[in-house]
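Chemist: Got a structure for you, data_26.cif, holding mmCIF, C-alpha atoms, pLDDT in the B column; chains and numbers go by the auth columns.
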```cif
data_protein
#
loop_
_atom_site.group_PDB
_atom_site.id
_atom_site.type_symbol
_atom_site.label_atom_id
_atom_site.label_comp_id
_atom_site.label_asym_id
_atom_site.label_seq_id
_atom_site.Cartn_x
_atom_site.Cartn_y
_atom_site.Cartn_z
_atom_site.B_iso_or_equiv
_atom_site.auth_seq_id
_atom_site.auth_asym_id
ATOM 1 C CA MET A 1 0.000 0.000 0.000 90.00 1 A
ATOM 2 C CA ALA A 2 1.262 3.475 -0.910 93.00 2 A
ATOM 3 C CA VAL A 3 0.062 6.733 0.640 96.00 3 A
ATOM 4 C CA VAL A 4 -0.055 10.338 -0.511 97.00 4 A
ATOM 5 C CA PRO A 5 -0.649 12.239 2.749 98.00 5 A
ATOM 6 C CA ASP A 6 -2.040 15.620 3.747 98.00 6 A
ATOM 7 C CA ILE A 7 -3.467 16.798 0.448 98.00 7 A
ATOM 8 C CA PRO A 8 -5.406 20.045 1.011 98.00 8 A
ATOM 9 C CA PHE A 9 -9.000 20.211 -0.227 98.00 9 A
ATOM 10 C CA GLY A 10 -9.396 23.677 1.312 97.00 10 A
ATOM 11 C CA GLY A 11 -7.334 26.331 2.991 97.00 11 A
ATOM 12 C CA LEU A 12 -7.967 25.474 6.649 98.00 12 A
ATOM 13 C CA PRO A 13 -5.793 23.214 8.839 97.00 13 A
ATOM 14 C CA ARG A 14 -8.277 20.319 9.040 98.00 14 A
ATOM 15 C CA GLN A 15 -9.211 20.456 5.359 98.00 15 A
ATOM 16 C CA LYS A 16 -6.782 17.729 4.340 98.00 16 A
ATOM 17 C CA LEU A 17 -7.055 14.163 3.133 98.00 17 A
ATOM 18 C CA ASP A 18 -4.842 11.113 2.633 98.00 18 A
ATOM 19 C CA ILE A 19 -4.962 8.879 -0.445 98.00 19 A
ATOM 20 C CA TYR A 20 -4.054 5.200 -0.103 98.00 20 A
ATOM 21 C CA ARG A 21 -3.643 2.928 -3.091 94.00 21 A
ATOM 22 C CA PRO A 22 -2.515 -0.621 -3.791 92.00 22 A
ATOM 23 C CA ARG A 23 1.161 -0.849 -4.696 84.00 23 A
ATOM 24 C CA LEU A 24 0.459 -2.895 -7.812 75.00 24 A
ATOM 25 C CA LEU A 25 -1.637 -0.889 -10.242 75.00 25 A
ATOM 26 C CA SER A 26 -3.246 -2.211 -13.410 75.00 26 A
ATOM 27 C CA GLY A 27 -3.932 -0.085 -16.440 80.00 27 A
ATOM 28 C CA ASN A 28 -7.519 0.491 -15.339 90.00 28 A
ATOM 29 C CA LEU A 29 -8.626 3.254 -12.987 95.00 29 A
ATOM 30 C CA LEU A 30 -9.566 1.927 -9.555 96.00 30 A
ATOM 31 C CA PRO A 31 -12.891 2.289 -7.743 97.00 31 A
ATOM 32 C CA VAL A 32 -12.647 4.807 -4.904 98.00 32 A
ATOM 33 C CA VAL A 33 -13.943 4.763 -1.322 98.00 33 A
ATOM 34 C CA VAL A 34 -14.015 8.069 0.589 98.00 34 A
ATOM 35 C CA PHE A 35 -14.115 7.332 4.328 98.00 35 A
ATOM 36 C CA PHE A 36 -15.300 9.645 7.124 98.00 36 A
ATOM 37 C CA TYR A 37 -14.467 8.553 10.668 98.00 37 A
ATOM 38 C CA GLY A 38 -16.640 8.963 13.747 97.00 38 A
ATOM 39 C CA GLY A 39 -15.981 10.751 17.017 97.00 39 A
ATOM 40 C CA SER A 40 -19.281 12.335 18.060 96.00 40 A
ATOM 41 C CA TRP A 41 -18.716 15.260 15.682 97.00 41 A
ATOM 42 C CA ASP A 42 -16.135 16.711 18.092 96.00 42 A
ATOM 43 C CA SER A 43 -13.074 14.446 17.858 97.00 43 A
ATOM 44 C CA GLY A 44 -11.100 12.194 15.534 97.00 44 A
ATOM 45 C CA SER A 45 -8.183 12.161 13.132 97.00 45 A
ATOM 46 C CA LYS A 46 -7.562 10.566 9.761 98.00 46 A
ATOM 47 C CA ASN A 47 -4.251 9.327 11.129 97.00 47 A
ATOM 48 C CA ASP A 48 -6.075 6.811 13.343 97.00 48 A
ATOM 49 C CA TYR A 49 -7.727 4.930 10.466 97.00 49 A
ATOM 50 C CA LEU A 50 -4.829 3.389 8.594 97.00 50 A
ATOM 51 C CA PHE A 51 -6.449 0.004 9.280 97.00 51 A
ATOM 52 C CA VAL A 52 -9.493 0.999 7.206 98.00 52 A
ATOM 53 C CA ALA A 53 -7.248 1.893 4.274 97.00 53 A
ATOM 54 C CA GLU A 54 -5.333 -1.380 4.666 97.00 54 A
ATOM 55 C CA ALA A 55 -8.562 -3.385 4.564 97.00 55 A
ATOM 56 C CA LEU A 56 -9.898 -1.658 1.460 97.00 56 A
ATOM 57 C CA THR A 57 -6.700 -1.292 -0.564 96.00 57 A
ATOM 58 C CA ALA A 58 -6.035 -5.007 -0.085 95.00 58 A
ATOM 59 C CA GLN A 59 -9.334 -5.553 -1.923 95.00 59 A
ATOM 60 C CA GLY A 60 -8.298 -3.286 -4.801 94.00 60 A
ATOM 61 C CA TYR A 61 -9.866 0.017 -3.747 96.00 61 A
ATOM 62 C CA LEU A 62 -8.231 3.398 -3.798 97.00 62 A
ATOM 63 C CA THR A 63 -9.096 4.773 -0.371 98.00 63 A
ATOM 64 C CA VAL A 64 -9.411 8.396 0.702 98.00 64 A
ATOM 65 C CA ILE A 65 -9.565 9.306 4.395 98.00 65 A
ATOM 66 C CA ALA A 66 -10.458 12.925 5.074 98.00 66 A
ATOM 67 C CA ASP A 67 -10.247 15.121 8.124 98.00 67 A
ATOM 68 C CA TYR A 68 -12.984 17.695 8.650 98.00 68 A
ATOM 69 C CA ARG A 69 -13.656 20.564 11.027 98.00 69 A
ATOM 70 C CA LEU A 70 -15.294 19.571 14.309 98.00 70 A
ATOM 71 C CA TYR A 71 -17.384 21.097 17.069 97.00 71 A
ATOM 72 C CA PRO A 72 -16.870 23.665 18.566 97.00 72 A
ATOM 73 C CA GLU A 73 -15.115 25.132 15.506 97.00 73 A
ATOM 74 C CA VAL A 74 -18.264 24.413 13.507 97.00 74 A
ATOM 75 C CA LYS A 75 -21.806 23.357 14.335 95.00 75 A
ATOM 76 C CA PHE A 76 -24.456 21.707 12.197 96.00 76 A
ATOM 77 C CA PRO A 77 -25.157 22.424 9.347 95.00 77 A
ATOM 78 C CA GLN A 78 -21.676 23.918 8.843 97.00 78 A
ATOM 79 C CA LEU A 79 -20.376 20.442 9.783 97.00 79 A
ATOM 80 C CA MET A 80 -21.471 19.332 6.317 98.00 80 A
ATOM 81 C CA GLN A 81 -19.227 21.751 4.431 98.00 81 A
ATOM 82 C CA ASP A 82 -15.923 19.898 4.701 98.00 82 A
ATOM 83 C CA PRO A 83 -17.257 16.441 3.748 98.00 83 A
ATOM 84 C CA ALA A 84 -18.880 18.041 0.698 98.00 84 A
ATOM 85 C CA LEU A 85 -15.647 19.839 -0.225 98.00 85 A
ATOM 86 C CA ALA A 86 -13.618 16.660 0.237 98.00 86 A
ATOM 87 C CA PHE A 87 -15.968 14.718 -2.017 98.00 87 A
ATOM 88 C CA GLN A 88 -15.840 17.477 -4.637 98.00 88 A
ATOM 89 C CA TRP A 89 -12.036 17.416 -4.572 98.00 89 A
ATOM 90 C CA VAL A 90 -12.033 13.654 -5.068 98.00 90 A
ATOM 91 C CA LYS A 91 -14.416 13.835 -8.020 98.00 91 A
ATOM 92 C CA GLU A 92 -12.273 16.488 -9.702 98.00 92 A
ATOM 93 C CA HIS A 93 -8.773 15.181 -8.968 98.00 93 A
ATOM 94 C CA ILE A 94 -8.817 11.469 -8.176 98.00 94 A
ATOM 95 C CA ALA A 95 -8.083 10.415 -11.765 97.00 95 A
ATOM 96 C CA HIS A 96 -4.578 11.873 -11.278 96.00 96 A
ATOM 97 C CA TYR A 97 -4.067 9.258 -8.548 96.00 97 A
ATOM 98 C CA HIS A 98 -5.357 6.292 -10.585 95.00 98 A
ATOM 99 C CA GLY A 99 -8.888 6.539 -9.219 97.00 99 A
ATOM 100 C CA ASP A 100 -12.060 6.372 -11.293 97.00 100 A
ATOM 101 C CA PRO A 101 -14.152 9.542 -10.790 98.00 101 A
ATOM 102 C CA GLN A 102 -17.230 7.687 -12.046 97.00 102 A
ATOM 103 C CA ARG A 103 -16.934 5.092 -9.269 98.00 103 A
ATOM 104 C CA VAL A 104 -16.576 7.119 -6.092 98.00 104 A
ATOM 105 C CA PHE A 105 -18.278 5.559 -3.076 98.00 105 A
ATOM 106 C CA MET A 106 -18.643 7.028 0.408 98.00 106 A
ATOM 107 C CA MET A 107 -18.310 5.198 3.692 98.00 107 A
ATOM 108 C CA GLY A 108 -18.460 6.309 7.303 98.00 108 A
ATOM 109 C CA HIS A 109 -18.674 5.077 10.864 98.00 109 A
ATOM 110 C CA SER A 110 -20.902 6.597 13.564 98.00 110 A
ATOM 111 C CA ALA A 111 -20.830 10.409 13.198 98.00 111 A
ATOM 112 C CA GLY A 112 -18.922 9.894 9.963 98.00 112 A
ATOM 113 C CA ALA A 113 -21.747 7.694 8.682 98.00 113 A
ATOM 114 C CA HIS A 114 -24.168 10.489 9.577 98.00 114 A
ATOM 115 C CA LEU A 115 -22.157 12.893 7.397 98.00 115 A
ATOM 116 C CA ALA A 116 -21.833 10.472 4.482 98.00 116 A
ATOM 117 C CA VAL A 117 -25.490 9.464 4.491 98.00 117 A
ATOM 118 C CA MET A 118 -26.647 13.056 4.873 98.00 118 A
ATOM 119 C CA LEU A 119 -24.636 14.011 1.781 98.00 119 A
ATOM 120 C CA SER A 120 -26.407 11.173 0.005 98.00 120 A
ATOM 121 C CA LEU A 121 -29.942 12.148 1.062 98.00 121 A
ATOM 122 C CA ASN A 122 -30.023 15.956 1.315 97.00 122 A
ATOM 123 C CA ALA A 123 -28.982 17.387 -2.047 97.00 123 A
ATOM 124 C CA GLU A 124 -28.342 20.908 -0.754 97.00 124 A
ATOM 125 C CA TYR A 125 -24.890 20.134 0.652 98.00 125 A
ATOM 126 C CA LEU A 126 -23.410 18.768 -2.563 98.00 126 A
ATOM 127 C CA ALA A 127 -25.304 21.399 -4.571 98.00 127 A
ATOM 128 C CA ALA A 128 -23.271 23.997 -2.694 98.00 128 A
ATOM 129 C CA VAL A 129 -20.135 22.574 -4.363 98.00 129 A
ATOM 130 C CA GLY A 130 -21.744 22.085 -7.773 98.00 130 A
ATOM 131 C CA LEU A 131 -22.675 18.392 -7.455 98.00 131 A
ATOM 132 C CA GLN A 132 -25.754 16.239 -6.923 94.00 132 A
ATOM 133 C CA PRO A 133 -26.133 13.023 -4.895 94.00 133 A
ATOM 134 C CA ASP A 134 -26.087 10.972 -8.114 95.00 134 A
ATOM 135 C CA ALA A 135 -22.360 11.799 -8.255 97.00 135 A
ATOM 136 C CA ILE A 136 -22.042 9.230 -5.433 98.00 136 A
ATOM 137 C CA ALA A 137 -21.828 5.652 -6.689 98.00 137 A
ATOM 138 C CA GLY A 138 -23.109 4.384 -3.339 98.00 138 A
ATOM 139 C CA THR A 139 -22.790 4.969 0.404 98.00 139 A
ATOM 140 C CA ILE A 140 -21.965 2.607 3.271 98.00 140 A
ATOM 141 C CA GLY A 141 -22.962 3.541 6.813 98.00 141 A
ATOM 142 C CA LEU A 142 -21.445 1.641 9.745 98.00 142 A
ATOM 143 C CA ALA A 143 -23.385 2.136 12.990 98.00 143 A
ATOM 144 C CA GLY A 144 -24.564 5.533 11.808 98.00 144 A
ATOM 145 C CA ALA A 145 -26.690 8.154 13.543 98.00 145 A
ATOM 146 C CA TYR A 146 -29.652 8.833 11.255 98.00 146 A
ATOM 147 C CA ASP A 147 -32.703 9.136 13.512 97.00 147 A
ATOM 148 C CA PHE A 148 -31.595 10.289 16.971 96.00 148 A
ATOM 149 C CA LEU A 149 -34.144 12.796 18.213 94.00 149 A
ATOM 150 C CA PRO A 150 -34.872 13.899 20.855 91.00 150 A
ATOM 151 C CA LEU A 151 -31.411 15.190 21.731 91.00 151 A
ATOM 152 C CA THR A 152 -30.689 14.292 25.331 86.00 152 A
ATOM 153 C CA SER A 153 -27.245 15.743 26.079 90.00 153 A
ATOM 154 C CA ASN A 154 -26.276 19.393 26.323 92.00 154 A
ATOM 155 C CA ARG A 155 -23.349 18.770 23.985 93.00 155 A
ATOM 156 C CA LEU A 156 -25.592 17.395 21.237 94.00 156 A
ATOM 157 C CA LYS A 157 -28.019 20.253 21.754 93.00 157 A
ATOM 158 C CA ALA A 158 -25.142 22.683 21.297 94.00 158 A
ATOM 159 C CA ILE A 159 -23.942 20.942 18.114 95.00 159 A
ATOM 160 C CA PHE A 160 -27.388 20.693 16.534 93.00 160 A
ATOM 161 C CA ALA A 161 -29.134 23.778 17.968 78.00 161 A
ATOM 162 C CA PRO A 162 -31.436 25.650 17.654 82.00 162 A
ATOM 163 C CA ALA A 163 -34.094 23.292 18.948 78.00 163 A
ATOM 164 C CA GLU A 164 -36.755 24.232 16.394 82.00 164 A
ATOM 165 C CA GLN A 165 -34.409 23.199 13.589 88.00 165 A
ATOM 166 C CA GLU A 166 -33.078 19.958 15.074 90.00 166 A
ATOM 167 C CA TRP A 167 -35.017 17.960 12.502 93.00 167 A
ATOM 168 C CA ILE A 168 -32.746 19.143 9.674 95.00 168 A
ATOM 169 C CA SER A 169 -29.875 17.201 11.275 96.00 169 A
ATOM 170 C CA GLN A 170 -31.692 13.879 10.841 97.00 170 A
ATOM 171 C CA PRO A 171 -30.953 12.001 7.599 98.00 171 A
ATOM 172 C CA ILE A 172 -34.214 10.060 7.919 98.00 172 A
ATOM 173 C CA HIS A 173 -36.188 13.228 7.205 97.00 173 A
ATOM 174 C CA PHE A 174 -34.638 13.459 3.729 97.00 174 A
ATOM 175 C CA ALA A 175 -35.453 9.956 2.507 97.00 175 A
ATOM 176 C CA ASN A 176 -37.238 10.570 -0.800 95.00 176 A
ATOM 177 C CA GLY A 177 -36.489 7.502 -2.886 94.00 177 A
ATOM 178 C CA HIS A 178 -33.908 9.240 -5.094 94.00 178 A
ATOM 179 C CA ASN A 179 -30.823 8.462 -3.037 95.00 179 A
ATOM 180 C CA PRO A 180 -27.670 6.709 -4.229 98.00 180 A
ATOM 181 C CA PRO A 181 -27.606 3.038 -3.210 98.00 181 A
ATOM 182 C CA LEU A 182 -27.189 2.661 0.558 98.00 182 A
ATOM 183 C CA LEU A 183 -25.701 -0.142 2.633 98.00 183 A
ATOM 184 C CA LEU A 184 -26.572 0.269 6.320 98.00 184 A
ATOM 185 C CA LEU A 185 -24.741 -1.933 8.821 98.00 185 A
ATOM 186 C CA THR A 186 -25.551 -2.118 12.527 98.00 186 A
ATOM 187 C CA GLY A 187 -24.756 -4.307 15.521 98.00 187 A
ATOM 188 C CA THR A 188 -27.419 -5.652 17.883 98.00 188 A
ATOM 189 C CA ALA A 189 -25.267 -4.867 20.959 98.00 189 A
ATOM 190 C CA ASP A 190 -24.648 -1.222 20.008 98.00 190 A
ATOM 191 C CA ASP A 191 -25.815 0.938 22.917 96.00 191 A
ATOM 192 C CA THR A 192 -23.956 4.056 21.690 96.00 192 A
ATOM 193 C CA VAL A 193 -25.855 4.524 18.422 97.00 193 A
ATOM 194 C CA TRP A 194 -28.917 2.342 18.684 97.00 194 A
ATOM 195 C CA PRO A 195 -29.656 -0.087 15.859 98.00 195 A
ATOM 196 C CA ARG A 196 -33.019 1.621 15.322 98.00 196 A
ATOM 197 C CA ASN A 197 -31.131 4.406 13.509 98.00 197 A
ATOM 198 C CA SER A 198 -30.227 2.033 10.690 98.00 198 A
ATOM 199 C CA ILE A 199 -33.444 0.025 10.869 98.00 199 A
ATOM 200 C CA ASN A 200 -35.686 3.091 10.724 98.00 200 A
ATOM 201 C CA LEU A 201 -33.738 4.716 7.896 98.00 201 A
ATOM 202 C CA ALA A 202 -33.725 1.525 5.852 98.00 202 A
ATOM 203 C CA HIS A 203 -37.502 1.291 6.254 98.00 203 A
ATOM 204 C CA ALA A 204 -37.997 4.952 5.305 98.00 204 A
ATOM 205 C CA VAL A 205 -35.842 4.669 2.172 98.00 205 A
ATOM 206 C CA GLU A 206 -37.472 1.405 1.156 98.00 206 A
ATOM 207 C CA THR A 207 -40.945 2.869 1.649 98.00 207 A
ATOM 208 C CA LYS A 208 -40.046 5.714 -0.715 97.00 208 A
ATOM 209 C CA GLY A 209 -38.720 3.287 -3.319 97.00 209 A
ATOM 210 C CA GLY A 210 -35.041 4.038 -2.806 97.00 210 A
ATOM 211 C CA GLN A 211 -32.161 1.563 -2.980 97.00 211 A
ATOM 212 C CA VAL A 212 -31.077 0.292 0.433 98.00 212 A
ATOM 213 C CA GLN A 213 -29.738 -2.864 2.046 98.00 213 A
ATOM 214 C CA LEU A 214 -29.699 -3.395 5.818 98.00 214 A
ATOM 215 C CA ILE A 215 -27.370 -5.926 7.481 98.00 215 A
ATOM 216 C CA THR A 216 -27.467 -6.597 11.227 98.00 216 A
ATOM 217 C CA TYR A 217 -24.594 -8.234 13.126 97.00 217 A
ATOM 218 C CA GLN A 218 -25.579 -10.299 16.139 97.00 218 A
ATOM 219 C CA GLY A 219 -23.621 -9.323 19.244 97.00 219 A
ATOM 220 C CA TYR A 220 -21.543 -6.549 17.629 97.00 220 A
ATOM 221 C CA ASP A 221 -21.258 -3.327 19.622 97.00 221 A
ATOM 222 C CA HIS A 222 -20.453 0.181 18.405 98.00 222 A
ATOM 223 C CA VAL A 223 -16.690 -0.283 18.362 97.00 223 A
ATOM 224 C CA ASP A 224 -16.960 -3.687 16.692 96.00 224 A
ATOM 225 C CA MET A 225 -18.669 -2.052 13.728 97.00 225 A
ATOM 226 C CA ILE A 226 -15.400 -0.370 12.762 97.00 226 A
ATOM 227 C CA ALA A 227 -12.796 -2.468 14.601 96.00 227 A
ATOM 228 C CA LYS A 228 -13.823 -5.603 12.695 96.00 228 A
ATOM 229 C CA LEU A 229 -12.139 -4.079 9.639 97.00 229 A
ATOM 230 C CA ALA A 230 -8.748 -4.295 11.392 95.00 230 A
ATOM 231 C CA ARG A 231 -6.797 -7.414 10.476 89.00 231 A
ATOM 232 C CA PRO A 232 -6.294 -8.742 14.059 81.00 232 A
ATOM 233 C CA LEU A 233 -10.002 -8.353 14.883 84.00 233 A
ATOM 234 C CA ARG A 234 -11.724 -9.496 11.695 80.00 234 A
ATOM 235 C CA GLY A 235 -12.559 -12.991 12.859 77.00 235 A
ATOM 236 C CA ASN A 236 -14.524 -14.589 10.028 80.00 236 A
ATOM 237 C CA GLN A 237 -14.178 -11.324 8.036 90.00 237 A
ATOM 238 C CA ARG A 238 -17.937 -11.159 7.619 94.00 238 A
ATOM 239 C CA LEU A 239 -18.218 -7.378 7.926 97.00 239 A
ATOM 240 C CA LEU A 240 -15.412 -6.654 5.452 97.00 240 A
ATOM 241 C CA GLN A 241 -16.729 -9.261 3.039 97.00 241 A
ATOM 242 C CA ASP A 242 -20.247 -7.824 3.181 98.00 242 A
ATOM 243 C CA VAL A 243 -18.836 -4.381 2.356 98.00 243 A
ATOM 244 C CA VAL A 244 -16.737 -5.685 -0.540 98.00 244 A
ATOM 245 C CA ASN A 245 -19.550 -7.817 -1.951 97.00 245 A
ATOM 246 C CA TRP A 246 -21.887 -4.829 -1.940 98.00 246 A
ATOM 247 C CA LEU A 247 -19.316 -2.603 -3.612 98.00 247 A
ATOM 248 C CA ARG A 248 -18.609 -5.132 -6.314 97.00 248 A
ATOM 249 C CA MET A 249 -22.299 -5.581 -7.034 96.00 249 A
ATOM 250 C CA ARG A 250 -22.349 -1.874 -7.839 92.00 250 A
ATOM 251 C CA GLY A 251 -19.326 -1.803 -10.079 88.00 251 A
ATOM 252 C CA GLY A 252 -16.796 -1.180 -7.331 81.00 252 A
#
```
Would you write the structure of this file as structure tokens?
Modeler:
Amino acid sequence: MAVVPDIPFGGLPRQKLDIYRPRLLSGNLLPVVVFFYGGSWDSGSKNDYLFVAEALTAQGYLTVIADYRLYPEVKFPQLMQDPALAFQWVKEHIAHYHGDPQRVFMMGHSAGAHLAVMLSLNAEYLAAVGLQPDAIAGTIGLAGAYDFLPLTSNRLKAIFAPAEQEWISQPIHFANGHNPPLLLLTGTADDTVWPRNSINLAHAVETKGGQVQLITYQGYDHVDMIAKLARPLRGNQRLLQDVVNWLRMRGG
């Protein structure tokens, strides 16, 4: 695996991304996965997710891991700006790194899944950078927060205030049947982001006629839903294989 680190997609310190690619490249452009990590919208670093890149590049994917500004520097909906900018940068420049701009998928865990799925469902955020959700080949959400009202903690209320507009932070409210294909993964033992987030969103998208697949993992908790991508913790590799199978079914 080779890495091109700290490529700016904007002018601010956290507006940077890393590109990972397999060492052996064929003549064909590679499918691309843009990954957004979790951290409750107020913490996290792309440097902590090398294991995600290792898992995906080993399967032949060019992998992009992006930082983004966090609370308290930004609140929602400003939180959506950097993921949108990062995706725009990838669409415009990834061919220079052997990636296929027509096969750019998004993937996220927890708060990162919230960002990725919101970009896929609410067209206004990509429209702000001159794109539409159909620019996304598909989106994978691992233990994502999609339907988490009412807000119970003061920190979440601060991130997603004002109260009368909290609903705009919920991806489920933007399910309209026109979304890119979604893969929603959740663990039955997750008591950090309850499985109902994925279950309810899958039902809402399906009801509207959108493309969605829901997979539930018996006994997996919130950390398992990302840690199972790491080589020492994969076990039977079910989670990684489900991700790869879904990508390949969609041309990835």
Chemist: From the options A:Tyr97, A:Tyr68, A:Phe174, A:Phe148, which residue's atoms come nearest to Ser120 (chain A), counting all atoms listed in the file?
Modeler: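 Smallest separation from Ser120 (chain A) among the options: A:Phe174.
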Chemist: Could you write out as a PyMOL selection string the residues that the PyMOL selection byres ((chain A and resi 122) around 9) matches in the shown file?
Modeler: chain A and resi 117-121+123-126+133+171+173-175+179
Chemist: For Gly252 (chain A), which of A:Arg234, A:Arg103, A:His203, A:His222 is the closest residue, counting all atoms listed in the file?
Modeler: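 Going through A:Arg234, A:Arg103, A:His203, A:His222 one by one, the smallest distance to Gly252 (chain A) is for A:Arg103.
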Chemist: Which residues, written as an MDAnalysis selection string, have at least one atom at most 12 Å from Leu240 (chain A), with all atoms listed in the file counted and residues fewer than 6 positions away on the same chain left out?
Modeler: chainID A and resid 51:59 140 142 185 224:231 233:234 246:247
Chemist: Give me the result of the PyMOL selection byres ((chain A and resi 26-40) around 6) on this file, residue by residue, as a PyMOL selection string.
Modeler: chain A and resi 25+41-44+61-65+98-100+103-112+252
Chemist: At a cut-off of 10 Å, can you tabulate as CSV every residue of region 28-133 of chain A near region 12-17 of chain A together with its closest atom pair and the distance in Å to one decimal, using only C-alpha atoms and ordering rows by chain then number?
Modeler:
```
residue,atom,partner,partner_atom,distance
A:Val34,CA,A:Leu17,CA,9.6
A:Phe35,CA,A:Leu17,CA,9.9
A:Ser45,CA,A:Arg14,CA,9.1
A:Lys46,CA,A:Leu17,CA,7.6
A:Asn47,CA,A:Leu17,CA,9.8
A:Val64,CA,A:Leu17,CA,6.7
A:Ile65,CA,A:Leu17,CA,5.6
A:Ala66,CA,A:Leu17,CA,4.1
A:Asp67,CA,A:Arg14,CA,5.6
A:Tyr68,CA,A:Arg14,CA,5.4
A:Arg69,CA,A:Arg14,CA,5.7
A:Leu70,CA,A:Arg14,CA,8.8
A:Asp82,CA,A:Gln15,CA,6.8
A:Pro83,CA,A:Gln15,CA,9.1
A:Leu85,CA,A:Gln15,CA,8.5
A:Ala86,CA,A:Leu17,CA,7.6
A:Trp89,CA,A:Leu17,CA,9.7
A:Val90,CA,A:Leu17,CA,9.6
```
